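Working notes, beginning with the structure itself.
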Amino acid sequence: MKKLIAVFILLFAIGSAFGQKALRTDAYNYLRKGQLDKAIKSIEPTISDPSTMNDPKTWFYRGNIMLQIHMSPDAAVKSLDPDALSKAYDSYKKTIELDSKKEYYIESVQNLAVISEQAYNSGVEEFKNADYNKALEYFEKAAEVSSSFGNVDTLALFNAGLSAENANNNPKAIEHYTKVIDLNYPQPLIYSSLANIYLAEKDTAKAFDIVAQGRQKYPEEFALLIAETNLHLGAGQTELAMANLQEAVKTDPLNPTIHYAVGASYDQMGNKAEAEKAYIKAVELKPDYFEANYNLGALYVNQAAEIITEANKLKLNDPNYEVMKKEADAILQKSLPHLETASSLDAKDRSTLLALKEIYTRLSMYEKLKDVNARLEEL
């Protein structure tokens, strides 16, 4: 009786093994026919059965089925397993791990490359849809899959950093941008992006270090020059900022933003004459430049205010009082077109309206004063 039971158990085990292999064959045939719903039902039991779970063929077939499910244009087929792409990836990795004879190695690597491309394309779509967290996951997956067969996908890593930056995930952005810098990815803007992230993290020293690396590697890159200038301005290093800005003017003399930055730097340094020249140039190049118009108008208002302050220190009968008052009024007249332009560009800017109110009052321009007062009341 014991021998009979032993024989029965043996026959059952053999039958089970054949049964699982038969299921695997069925899965393969269903895949060939495009019957992916039946293929997935047939293959899934074989990955956990002892008779087939250590056979690379099992995992290779499963990888092929899962990849076809993911790539199907039919939504109903895709719904068979929403995680099919990840399962295809895991299956091909398992295939390579078990495939000591390398029977399925070439095809597995080729399909891993397809998975990486699919993940990358999904990342692009999610980025377009502004779902930056999801895009980050896909780009990370694309890079991971590529690395599984010895390929470094620097483009996927860069886009992972870009997605993380847009998602305000600073640790991930730093991780991926640093990695692509180490890999010598040829994109100079990584350095300015990474510097901005370090600034957001309150690590100014690291921001300076990263920009310096970028400037050394890409000395002609204009964006990095401006990034370094902004760092100097933020740190109150106006002379260093000015040296950069003068270089920037030579590099791109028709850029109004640079001339505006030069004006703002000179303004900060107290060199009003050079600030005026730079602001005027910025407005000449871009007449509808709000900031340049406002700053130029404000510069004149401040000059006039200084003269009026000095005039008020004089005695009432001092003949210089009228001279200085006329000089101040003339400067205020110079400010008007720029502040009025600024106000037309941003009708709700309170600072511009208050400046205009002061000038209209000073110059007895009562109709315009009435209009400005009404606009201020509406804010």
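We label chains A, B, ... in the order they appear in the structure tokens, count residues from 1 in each chain, and number ligands from 1 in the order shown.
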field: Contacts of segment 295-301 of chain A within 9 Å, only C-alpha atoms, excl. fewer than 3 positions in-chain, as an NGL selection string
entry: :A and (260 or 263-264 or 267 or 272 or 275-276 or 279-280 or 283 or 290-292 or 304-306 or 328 or 331-340 or 342 or 352 or 355 or 359)
Okay, now the selection with N, CA and C atoms, as a short mmCIF file (atom, residue, chain, number, x, y, z; two decimals), in the first residue's frame?
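Result written to again06.cif:
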data_model
loop_
_atom_site.label_atom_id
_atom_site.label_comp_id
_atom_site.auth_asym_id
_atom_site.auth_seq_id
_atom_site.Cartn_x
_atom_site.Cartn_y
_atom_site.Cartn_z
N TYR A 260 18.76 96.57 -18.38
CA TYR A 260 17.97 96.83 -17.17
C TYR A 260 18.73 96.37 -15.92
N GLY A 263 21.41 98.75 -15.13
CA GLY A 263 20.83 99.94 -14.50
C GLY A 263 20.50 99.69 -13.03
N ALA A 264 19.88 98.53 -12.75
CA ALA A 264 19.51 98.20 -11.37
C ALA A 264 20.75 98.07 -10.49
N ASP A 267 22.11 101.51 -9.92
CA ASP A 267 21.17 102.16 -9.00
C ASP A 267 21.49 101.74 -7.56
N LYS A 272 23.84 107.06 -10.06
CA LYS A 272 22.58 107.38 -10.73
C LYS A 272 22.76 107.72 -12.21
N ALA A 275 23.11 104.50 -14.07
CA ALA A 275 21.83 103.80 -13.98
C ALA A 275 20.84 104.38 -14.98
N GLU A 276 20.81 105.71 -15.07
CA GLU A 276 19.91 106.38 -16.02
C GLU A 276 20.22 105.95 -17.45
N TYR A 279 19.00 102.31 -18.01
CA TYR A 279 17.53 102.22 -18.08
C TYR A 279 17.01 102.78 -19.41
N ILE A 280 17.58 103.91 -19.83
CA ILE A 280 17.16 104.52 -21.10
C ILE A 280 17.41 103.56 -22.25
N VAL A 283 14.79 100.82 -22.27
CA VAL A 283 13.50 101.31 -22.78
C VAL A 283 13.56 101.52 -24.28
N PHE A 290 8.00 97.14 -18.59
CA PHE A 290 7.42 97.77 -17.40
C PHE A 290 8.49 98.14 -16.37
N GLU A 291 9.31 97.17 -16.00
CA GLU A 291 10.29 97.40 -14.93
C GLU A 291 11.27 98.52 -15.27
N ALA A 292 11.72 98.53 -16.53
CA ALA A 292 12.68 99.57 -16.93
C ALA A 292 12.02 100.95 -16.91
N ALA A 304 14.42 114.32 -7.97
CA ALA A 304 13.64 115.53 -7.70
C ALA A 304 13.39 115.70 -6.20
N ALA A 305 13.12 114.58 -5.53
CA ALA A 305 12.84 114.63 -4.09
C ALA A 305 14.07 115.10 -3.31
N GLU A 306 15.25 114.69 -3.76
CA GLU A 306 16.49 115.13 -3.09
C GLU A 306 16.69 116.64 -3.23
N ALA A 328 13.66 120.79 -9.89
CA ALA A 328 12.98 119.57 -9.44
C ALA A 328 11.75 119.28 -10.31
N ILE A 331 12.69 117.81 -13.63
CA ILE A 331 13.05 116.38 -13.52
C ILE A 331 11.79 115.53 -13.39
N LEU A 332 10.80 116.05 -12.64
CA LEU A 332 9.53 115.32 -12.52
C LEU A 332 8.84 115.19 -13.87
N GLN A 333 8.95 116.22 -14.69
CA GLN A 333 8.38 116.16 -16.04
C GLN A 333 9.04 115.03 -16.84
N LYS A 334 10.34 114.82 -16.64
CA LYS A 334 11.05 113.75 -17.34
C LYS A 334 10.55 112.37 -16.88
N SER A 335 10.11 112.29 -15.62
CA SER A 335 9.67 110.99 -15.10
C SER A 335 8.29 110.59 -15.63
N LEU A 336 7.48 111.61 -15.97
CA LEU A 336 6.07 111.34 -16.31
C LEU A 336 5.87 110.33 -17.44
N PRO A 337 6.51 110.50 -18.61
CA PRO A 337 6.22 109.57 -19.70
C PRO A 337 6.56 108.12 -19.33
N HIS A 338 7.57 107.93 -18.52
CA HIS A 338 7.97 106.57 -18.16
C HIS A 338 7.01 105.95 -17.14
N LEU A 339 6.60 106.74 -16.16
CA LEU A 339 5.66 106.22 -15.17
C LEU A 339 4.27 106.03 -15.78
N GLU A 340 3.89 106.92 -16.69
CA GLU A 340 2.60 106.76 -17.36
C GLU A 340 2.62 105.53 -18.27
N ALA A 342 4.47 102.89 -17.71
CA ALA A 342 4.43 101.76 -16.77
C ALA A 342 3.00 101.51 -16.30
N THR A 352 3.16 102.53 -8.86
CA THR A 352 3.19 103.46 -10.00
C THR A 352 2.14 104.56 -9.83
N ALA A 355 3.18 107.09 -7.22
CA ALA A 355 4.22 107.99 -7.74
C ALA A 355 3.59 109.06 -8.65
N ILE A 359 3.41 113.26 -8.37
CA ILE A 359 3.86 114.17 -9.43
C ILE A 359 2.73 115.09 -9.87
#
message: Going by DSSP on the backbone, which residues of segment 253-338 of chain A come out as alpha helix (DSSP H)? List them as number ranges by chain.
response: A: 256-269, 272-285, 290-311, 320-338
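Using only C-alpha atoms, the shortest contact distance between Tyr360 of chain A and any of A:Tyr185, A:Lys348, A:Asn373, A:Gln20 is found at A:Asn373.
Counting only C-alpha atoms, the residue from A:Ser163, A:Gln110, A:Asn169, A:Thr361 that sits nearest to Tyr138 of chain A is A:Ser163.
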query: Hey, what's within 12 Å of Gln187 of chain A if we count only C-alpha atoms and toss same-chain stuff fewer than 5 positions away? As a PyMOL selection string, please?
result: chain A and resi 154-155+158-159+162+177+180-182+192-194+214+217-218+221+223-224
How would the residues just picked look written out with C-alpha atoms as an mmCIF file, in the first residue's frame?
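Writing the result to result-v9.cif gives the following:
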data_model
loop_
_atom_site.group_PDB
_atom_site.id
_atom_site.type_symbol
_atom_site.label_atom_id
_atom_site.label_comp_id
_atom_site.auth_asym_id
_atom_site.auth_seq_id
_atom_site.Cartn_x
_atom_site.Cartn_y
_atom_site.Cartn_z
ATOM 1 C CA THR A 154 21.445 60.289 -19.558
ATOM 2 C CA LEU A 155 18.469 61.842 -21.356
ATOM 3 C CA PHE A 158 18.063 64.663 -17.175
ATOM 4 C CA ASN A 159 14.312 64.615 -17.741
ATOM 5 C CA LEU A 162 13.619 68.404 -14.876
ATOM 6 C CA TYR A 177 20.990 66.705 -11.991
ATOM 7 C CA VAL A 180 24.027 63.810 -15.186
ATOM 8 C CA ILE A 181 26.684 66.417 -14.386
ATOM 9 C CA ASP A 182 28.941 63.585 -13.210
ATOM 10 C CA SER A 192 21.852 77.185 -13.485
ATOM 11 C CA SER A 193 18.832 74.996 -12.652
ATOM 12 C CA LEU A 194 20.746 73.158 -9.960
ATOM 13 C CA GLY A 214 29.308 75.464 -15.257
ATOM 14 C CA LYS A 217 33.035 74.142 -18.499
ATOM 15 C CA TYR A 218 30.920 76.467 -20.676
ATOM 16 C CA GLU A 221 27.227 80.180 -22.146
ATOM 17 C CA ALA A 223 22.612 81.932 -19.328
ATOM 18 C CA LEU A 224 25.298 80.818 -16.890
#
message: Neighbouring residues of segment 251-256 of chain A were defined as those with any atom within 9 Å, considering only C-alpha atoms; residues of the same chain fewer than 4 positions away were excluded. Please report them as a ChimeraX atom specification.
response: /A:220,222,246-247,260-261,279,281-286,289,292
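Among the candidates A:Trp59, A:Tyr198, A:Tyr132, A:Phe139, the residue lying nearest to Tyr89 of chain A is A:Trp59 (atoms considered: only C-alpha atoms).
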task: Measuring atom to atom with only C-alpha atoms, identify which of A:Val145, A:Ala278, A:Ala156, A:Ala200 is nearest to Pro171 of chain A.
output: A:Ala200
query: Which polymer residues have any atom within 12 Å of an atom of segment 112-114 of chain A, counting only C-alpha atoms, with same-chain residues fewer than 3 positions away left out, as a count of residues only?
result: 43
field: Å distance separating atom CA of Ile40 of chain A from atom CA of Leu80 of chain A, one decimal place
entry: 8.3 Å
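Minimum atom-to-atom distances from A:Ala207, A:Leu353, A:Leu240, A:Thr52 to Tyr266 of chain A were compared using only C-alpha atoms, and the lowest value belongs to A:Leu240.
Atom pair atom CA of Tyr191 of chain A / atom CA of Leu245 of chain A: separated by 18.8 Å.
The residue set within 7 Å of Thr58 of chain A, counting only C-alpha atoms and dropping same-chain residues fewer than 3 places from it, reads Arg24, Thr46, Ile47, Thr52, Met53, Asp55, Tyr61 and Arg62 of chain A.
Distance check against Gln268 of chain A using only C-alpha atoms: of A:Ala311, A:Ala248, A:Val211, A:Ala241, the minimum falls on A:Ala241.
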